[in-house]
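Novice: Sending over a structure as structure tokens; questions will come in a sec.
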Amino acid sequence: MTDVPDPDPTPAEGPTDRAPADAEPSGGVEPAAPAPGAWVPPAEPDDAGVEAPELALHVWRGDPEGGEFTEYNLPTVEGEVVLDVIHRIQATVAPDLACRWNCKAGKCGSCSAEINGKPRLLCMTRMDTLPEGPVTIAPMRTFPIVRDLVTDVSFNYEVAKTIPPFQPPPEPEGGYRMQQIDVERGQEFRKCIECFMCQDVCHVIRDHEENKTRYSGPRFFIRFAELEMHPLDTNDRREFVRREGGLGMCNITKCCTEVCPEHIKITDNAIIPMKERVVDASYDPLGWLGRKILRRTKKTADEASGAPGQAETAPGTVAVVEDGASEGSGDTPTPEEDTAPR
Amino acid sequence: MAEYESHTYDVIVIGAGGAGLRAAIEAKARGLRTALVCKSLLGKAHTVMAEGGVAAAMGNVYPEDNWKVHFRDTMRGGKHLNNWRMAQLHAQEAPDRVHELESWGALFDRTKDGRITQRDFGGHRYARLAHVGDRTGLEMIRTLQQKAVAEDIDVFMECKVLRLLHDAEGRVSGAVGYWRPTGEFLVFGAKAVILATGSIGKSWQYSSNSWESTGDGHAMAIWAGADVIDMECVQFHPTGMVWPLSVRGILVTEGVRGDGGALRNSEGERFMFNYVAPMFRAETAETEDEADRWYEDHNNNRRTPDLLPRDEVARAINTEVKAGRGSPHGGVFLDIASRRSAEYIRRRLPSMYHQFMELAGVDITAEPMEVGPTCHYMMGGVRVDGDTEAATVPGLFAAGEVAGGMHGANRLGGNSLSDLLVFGRRAGIGAADFAEGRSGEPKVDPGEVDAAIAGSLEPFEGDGGENPYDVHKDLQDVMQSLVGIIRTGPELEEALTRLGELRARCDKISVTGGRVYNPGWNLATDLPSMLTVSTAVAQGALARTESRGGHTRSDFPTADPDLGKVNFVQHQVGARGPDAPIAIGPEAIPEMPAELRELLEDGK
């Protein structure tokens, strides 16, 4: 259960003249915008539930050359999400505070940022769920800064262009037939709203800019998995995922799964099954056996036998999790699976 | 002279929601140089927020369904103000467009025999909406986005278009805009321009629309000399969230009612039974038992009044709240918790479950939602030819929400996603045909370019002027309070006066900071669109002295048969642009052919 709103819904009558919001840009980064008179809540007086305490937001402001956190102090408003507070700051003291957003309903994935150090959607994070004290808002670290909270996420759009497209067989008379249970596997991945927070948190690229040229990242691992598990797709991307996508560099720390606002089980349901399929496709059994013996890697139950196209069940994947972890442990990419530089 | 980069294409599409993407895919398939220009990142357009489904008479659940029934439902829903040719093409072509999406990778929910399943929605006689849970729009935009990427269409993301450009002969020949991440200007020359800019909802305080819905396409078409029609026909969706205030207006899908949810007032009464208009009486259940049986068996029971067309339901909620029978936060209750299992609700309505849980702290599997009307959809828009989507200015095309006519006075749920596909494709064909028939490279009027750029930079020139956020908030107050769901003549007159004052304030806006991703400046450049469109809506609402579909006048509470035969057409004559007046007048809707008229006459 998440927090339940105040059981007494009757708002305080008419918040009239509030004390001005003491926005004190630390270090005087921003000249205060013309906000004549006192700050007035954007809400209708009848509905607004304004409470006495002030909130403090430390927002990173800057550009590619650098920047710093600026403190904004505003009255608390019941039920607000972080994006509401950003909008109040824009409307009053900092109209040029850059922040990307669209739907404000958790459906478009535009307003990703790092709230108290953790990637989250600004529009789906209620202020009253955050710990007491100042809230820190920073842009996603993995992508270049455009300005303030806005980053250049074009890396993701470039990766998307490289993916071999969906390729169905010719449509039979009466149309394609698929069973619900079969489409549900892909549907989980197609819930992705492309907020790119999984990319942001993925340590393969978060602190290793150089890896971006040979690593697709979790968002596109689920795209590969979705296509691979699509009942109609005929394109085989397993070699591509290994060579161009850098799937082997993922060492399944599950950070991506933890931040996914759509609760997609990125690691368990996409990355690990993809690793299995890539292994099946890329290594012939004799070579695999030889490596196994020579390197004394941990034995797994079903690595060689899992037939492509069959559903991986949870028990099957658990064994491979351990194997993948042992092969890919440590911070450096696994050279064995990343043999082909692009 | 302003500095700008230049690009030349055969076809540019402004807007990358469903209609824009579908149009671009079609033009590109013709081998034409095609570009998509969009105000946000690719894949973020408002189409992602569509929830319930795409209406297409595929007959997968009810084999009795066919395009004729869909056409009839659409015309009745639109209170016969529709462009009947568009309603016909839409009903006929929607099934093919949905199947086409499947061949591009979309994964719709299935029937037991493996076909695309379909759900019930308001105003549709049969279960007709192909869907993916309650995130159908996301599935559609992602499928189209991935198709567009696979077809290597050039995309200009986060690019705001300011004005359409003409050549010496008066044909639309391009557009001028700026990159939001840099603030640098760019000019497109194009043999044909397709507007697919979506809605206008950001002029209202409570809206389900995203920030992009500022009516740029509607306004640019007017400024370019094109006709717009039915601007008074704005749809208020009956079920938006009402609490907390910060999320007021966010959409609650009609799918909740399609899957069994019922509306109740504070007395627990299913009040919709009291609001069945004569037009719908014959096919609407009279008892709760019959309504509940209808979910399982449409052939032997009549539909629940909870699924009357949106305009009917929104007005009913409005009336209940005004009569003091509303919920604590000024809405009514939408109850599915007591009617369906928690597992069913979570599976069928996962987004709604999370939306209420995370934003309102309400578990919709255990307690009712509070909902109320929210500004949702613009039926009116650019007047187009039904077959080609050509506007009344050569070289200009429009598809999707920015185009007018298809939905008449009120749109049925599910008909917008199919609209995007059917008319996106047709606009792509229409624009491609036009571009191919045009010789030589397009030439734009440099005077128009310079004027547009200079105008957009004015807010940087002074300081201490109007705050764009204040002007926007005041605009929203005007539209919400004076041009809302229930309108009157005196209030509309007052709205027009106040919109004129806001127009004057708009010219005094000043912004701080630079041009790089500056939301204050971006808003300042969106405000002229919002003001032009708001003026057109208020003018249309004043002219239409009747109540019809999404347009309700308390001083003219019934439909006027004579006004049901005309569109109110608006355009700028002589002087054009944000400061020029917009002329308005009625024009007769073309006569419907007998074979279509027959489909409407029979009560089935």
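As shown in the structure tokens, the chain order sets the letters A, B, ...; within each chain, residues go from 1, and ligands are also counted from 1 in the order they appear.
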Counting only C-alpha atoms, which residues in chain A sit no more than 7 Å from chain B? For each one, give the nearest pair of atoms and the distance in Å, sorted by chain then residue number, as a Markdown table.

Specialist:
| residue | atom | partner | partner_atom | distance |
| --- | --- | --- | --- | --- |
| A:Thr2 | CA | B:Gly361 | CA | 5.7 |
| A:Asp3 | CA | B:Gly361 | CA | 5.6 |
| A:Val4 | CA | B:Gly361 | CA | 4.8 |
| A:Pro5 | CA | B:Gly361 | CA | 6.3 |
| A:Pro34 | CA | B:Gly464 | CA | 6.1 |
| A:Ala48 | CA | B:Leu245 | CA | 7.0 |
| A:Gly79 | CA | B:Pro244 | CA | 5.2 |
| A:Glu80 | CA | B:Ser246 | CA | 5.6 |
| A:Asp84 | CA | B:Ser246 | CA | 6.9 |
| A:Ala91 | CA | B:Tyr469 | CA | 5.3 |
| A:Pro95 | CA | B:Gly520 | CA | 4.9 |
| A:Asp96 | CA | B:Asn518 | CA | 4.8 |
| A:Leu97 | CA | B:Asn518 | CA | 6.8 |
| A:Ala98 | CA | B:Asn518 | CA | 5.8 |
| A:Asn102 | CA | B:Ser210 | CA | 5.2 |
| A:Cys103 | CA | B:Ser210 | CA | 4.3 |
| A:Ala105 | CA | B:Ile250 | CA | 6.8 |
| A:Lys107 | CA | B:Met49 | CA | 6.2 |
| A:Cys108 | CA | B:Lys44 | CA | 5.1 |
| A:Met124 | CA | B:Leu359 | CA | 6.7 |
| A:Arg126 | CA | B:Leu359 | CA | 6.9 |
| A:Val146 | CA | B:Pro181 | CA | 6.7 |
| A:Arg147 | CA | B:Tyr517 | CA | 6.7 |
| A:Lys161 | CA | B:Val149 | CA | 6.0 |
| A:Pro165 | CA | B:Ala150 | CA | 6.0 |
| A:Phe166 | CA | B:Gly105 | CA | 6.2 |
| A:Pro168 | CA | B:Ser103 | CA | 6.5 |
| A:Arg177 | CA | B:Gly114 | CA | 4.6 |
| A:Met178 | CA | B:Gly114 | CA | 4.6 |
| A:Gln179 | CA | B:Gly114 | CA | 4.8 |
| A:Gln180 | CA | B:Arg110 | CA | 5.2 |
| A:Val183 | CA | B:Leu107 | CA | 6.1 |
| A:Gln187 | CA | B:Leu107 | CA | 6.6 |
| A:Arg190 | CA | B:Glu139 | CA | 6.9 |

Novice: Using only C-alpha atoms, determine which residues lie at most 8 Å from A:Cys255, disregarding the query and same-chain residues fewer than 4 positions distant; provide the list as a list in words.

Specialist: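 In the requested form, the answer reads Cys198, Val201, Cys202 and Val259 of chain A.
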
Novice: Can I get the selection written as a tab-separated table (two decimals), in the first residue's frame, with C-alpha atoms?

Specialist:
chain	number	residue	atom	x	y	z
A	198	CYS	CA	17.39	1.58	-17.09
A	201	VAL	CA	21.41	3.24	-14.06
A	202	CYS	CA	23.29	0.60	-16.07
A	259	VAL	CA	14.30	1.37	-11.54

Novice: Measure the distance from atom CA of B:Glu93 to atom CA of B:Pro238 in Å and round it to one decimal.

Specialist: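 That distance, rounded to one decimal, is 28.2 Å.
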
Novice: Mind giving me the straight-line distance from atom CA of B:Asp227 to atom CA of B:His571 in Å, one decimal?

Specialist: 4.9 Å

Novice: So which residues touch A:Arg219 within 8 Å, counting only C-alpha atoms, skipping near sequence neighbours fewer than 3 positions away, as a PyMOL selection string?

Specialist: chain A and resi 192+194+196+198-199+216+222-223

Novice: So that I can check the secondary structure, give me every residue of stretch 63-102 of chain A assigned helix (DSSP H, G or I) by backbone DSSP, as a count of residues only.

Specialist: 11

Novice: Which residues are near stretch 279-288 of chain B? Cut-off 8 Å, only C-alpha atoms, ignore same chain within fewer than 2 positions. Put them as a list in words.

Specialist: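 Listing them by chain and then by number gives Phe273, Val276, Ala277, Glu290, Ala291, Asp292, Asn301, Arg302, Arg303, Thr304, Pro305 and Leu308 of chain B.
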
Novice: Atoms to include: C-alpha atoms. Write the selected residues as a PDB file, in the first residue's frame.

Specialist:
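New file out_25.pdb:
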ATOM      1  CA  PHE B 273     -30.365   5.545 -15.758  1.00  0.00           C
ATOM      2  CA  VAL B 276     -30.998   8.500 -21.196  1.00  0.00           C
ATOM      3  CA  ALA B 277     -31.868  10.866 -24.038  1.00  0.00           C
ATOM      4  CA  GLU B 290     -30.490  -5.804 -17.743  1.00  0.00           C
ATOM      5  CA  ALA B 291     -27.474  -3.490 -17.893  1.00  0.00           C
ATOM      6  CA  ASP B 292     -25.358  -6.003 -16.008  1.00  0.00           C
ATOM      7  CA  ASN B 301     -30.016  -7.235 -23.526  1.00  0.00           C
ATOM      8  CA  ARG B 302     -29.671  -3.545 -24.058  1.00  0.00           C
ATOM      9  CA  ARG B 303     -26.479  -1.663 -23.208  1.00  0.00           C
ATOM     10  CA  THR B 304     -25.768  -0.039 -19.881  1.00  0.00           C
ATOM     11  CA  PRO B 305     -26.367   3.727 -19.777  1.00  0.00           C
ATOM     12  CA  LEU B 308     -23.729   6.323 -23.481  1.00  0.00           C
TER      13      LEU B 308
END

Novice: Would you mind listing what lies within 9 Å of A:His203 as a list in words, with only C-alpha atoms counted and same-chain residues fewer than 5 positions away left out?

Specialist: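 Skipping anything fewer than 5 positions along the chain leaves Thr142, His208, Cys250, Cys255 and Asp331 of chain A.
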
Novice: For stretch 149-172 of chain A against stretch 58-74 of chain A, with a cut-off of 12 Å and counting only C-alpha atoms, what is the closest atom pair and its distance in Å to one decimal for every residue that makes the cut, ordered by chain and number, as a Markdown table?

Specialist:
| residue | atom | partner | partner_atom | distance |
| --- | --- | --- | --- | --- |
| A:Leu149 | CA | A:Trp60 | CA | 6.8 |
| A:Val150 | CA | A:Asp63 | CA | 9.3 |
| A:Thr151 | CA | A:Asp63 | CA | 9.6 |
| A:Asp152 | CA | A:Pro64 | CA | 10.4 |

Novice: Using only C-alpha atoms, which residue out of B:Glu367, B:Asp433, B:Glu494, B:Glu591 lies closest to B:Ala390?

Specialist: B:Asp433

Novice: Which parts of stretch 236-301 of chain B does DSSP call strand (DSSP E or B) when run on the backbone here, written out as a PyMOL selection string?

Specialist: chain B and resi 236-241+251+262-264+284

Novice: Neighbouring residues of A:Phe220 were defined as those with any atom within 8 Å, considering only C-alpha atoms; residues of the same chain fewer than 4 positions away were excluded. Please report them as a PDB file with N, CA and C atoms, in the first residue's frame.

Specialist:
ATOM      1  N   VAL A 159      20.823   3.862 -31.197  1.00  0.00           N
ATOM      2  CA  VAL A 159      20.811   2.400 -31.051  1.00  0.00           C
ATOM      3  C   VAL A 159      19.571   1.820 -31.738  1.00  0.00           C
ATOM      4  N   ALA A 160      18.423   2.485 -31.539  1.00  0.00           N
ATOM      5  CA  ALA A 160      17.168   1.966 -32.108  1.00  0.00           C
ATOM      6  C   ALA A 160      17.277   1.799 -33.617  1.00  0.00           C
ATOM      7  N   SER A 216      24.109  -1.908 -26.277  1.00  0.00           N
ATOM      8  CA  SER A 216      22.755  -1.367 -26.496  1.00  0.00           C
ATOM      9  C   SER A 216      22.099  -0.909 -25.203  1.00  0.00           C
ATOM     10  N   PHE A 224      15.153  -6.512 -28.012  1.00  0.00           N
ATOM     11  CA  PHE A 224      15.606  -7.741 -28.664  1.00  0.00           C
ATOM     12  C   PHE A 224      14.774  -8.929 -28.176  1.00  0.00           C
TER      13      PHE A 224
END

Novice: Find the residues near stretch 74-84 of chain B: any atom within 9 Å, counting only C-alpha atoms, skip ones fewer than 2 places away on the same chain, and give them as a PyMOL selection string.

Specialist: chain B and resi 69-72+86-89+91+123-124+230+279+309-311+386+404-412+415+548-550+564-567+589-590+592+596+600

Novice: Keeping only C-alpha atoms, write those residues as an mmCIF file, in the first residue's frame.

Specialist:
data_model
loop_
_atom_site.group_PDB
_atom_site.id
_atom_site.type_symbol
_atom_site.label_atom_id
_atom_site.label_comp_id
_atom_site.auth_asym_id
_atom_site.auth_seq_id
_atom_site.Cartn_x
_atom_site.Cartn_y
_atom_site.Cartn_z
ATOM 1 C CA VAL B 69 -22.985 -0.361 -38.126
ATOM 2 C CA HIS B 70 -19.770 1.429 -37.246
ATOM 3 C CA PHE B 71 -20.656 4.245 -39.642
ATOM 4 C CA ARG B 72 -24.094 4.542 -38.088
ATOM 5 C CA MET B 86 -14.901 10.665 -43.616
ATOM 6 C CA ALA B 87 -17.133 8.635 -41.319
ATOM 7 C CA GLN B 88 -17.727 6.222 -44.181
ATOM 8 C CA LEU B 89 -14.065 5.832 -45.159
ATOM 9 C CA ALA B 91 -15.562 2.705 -40.845
ATOM 10 C CA GLY B 123 -21.735 4.472 -28.285
ATOM 11 C CA HIS B 124 -20.461 1.413 -30.140
ATOM 12 C CA ASP B 230 -16.731 22.964 -35.843
ATOM 13 C CA MET B 279 -32.368 9.193 -29.145
ATOM 14 C CA PRO B 309 -21.626 8.633 -25.673
ATOM 15 C CA ARG B 310 -19.191 10.811 -23.783
ATOM 16 C CA ASP B 311 -21.063 14.075 -24.123
ATOM 17 C CA GLY B 386 -12.494 13.469 -46.950
ATOM 18 C CA GLY B 404 -12.155 18.556 -38.436
ATOM 19 C CA GLY B 405 -15.274 16.801 -39.602
ATOM 20 C CA MET B 406 -14.744 13.123 -38.970
ATOM 21 C CA HIS B 407 -16.298 13.100 -35.510
ATOM 22 C CA GLY B 408 -18.966 15.746 -35.920
ATOM 23 C CA ALA B 409 -20.131 17.215 -32.641
ATOM 24 C CA ASN B 410 -18.889 14.382 -30.464
ATOM 25 C CA ARG B 411 -16.323 11.627 -30.919
ATOM 26 C CA LEU B 412 -16.922 8.055 -29.842
ATOM 27 C CA ASN B 415 -12.604 6.311 -33.011
ATOM 28 C CA ARG B 548 -25.292 19.444 -29.859
ATOM 29 C CA GLY B 549 -22.733 16.817 -28.860
ATOM 30 C CA GLY B 550 -19.776 18.311 -27.034
ATOM 31 C CA GLY B 564 -27.667 20.427 -37.512
ATOM 32 C CA LYS B 565 -27.335 20.951 -41.247
ATOM 33 C CA VAL B 566 -24.446 23.424 -41.113
ATOM 34 C CA ASN B 567 -20.818 23.654 -40.122
ATOM 35 C CA ILE B 589 -23.089 20.214 -44.898
ATOM 36 C CA PRO B 590 -23.134 18.461 -48.300
ATOM 37 C CA MET B 592 -25.541 12.589 -47.880
ATOM 38 C CA LEU B 596 -25.636 6.113 -46.527
ATOM 39 C CA LEU B 600 -29.013 5.871 -40.390
#
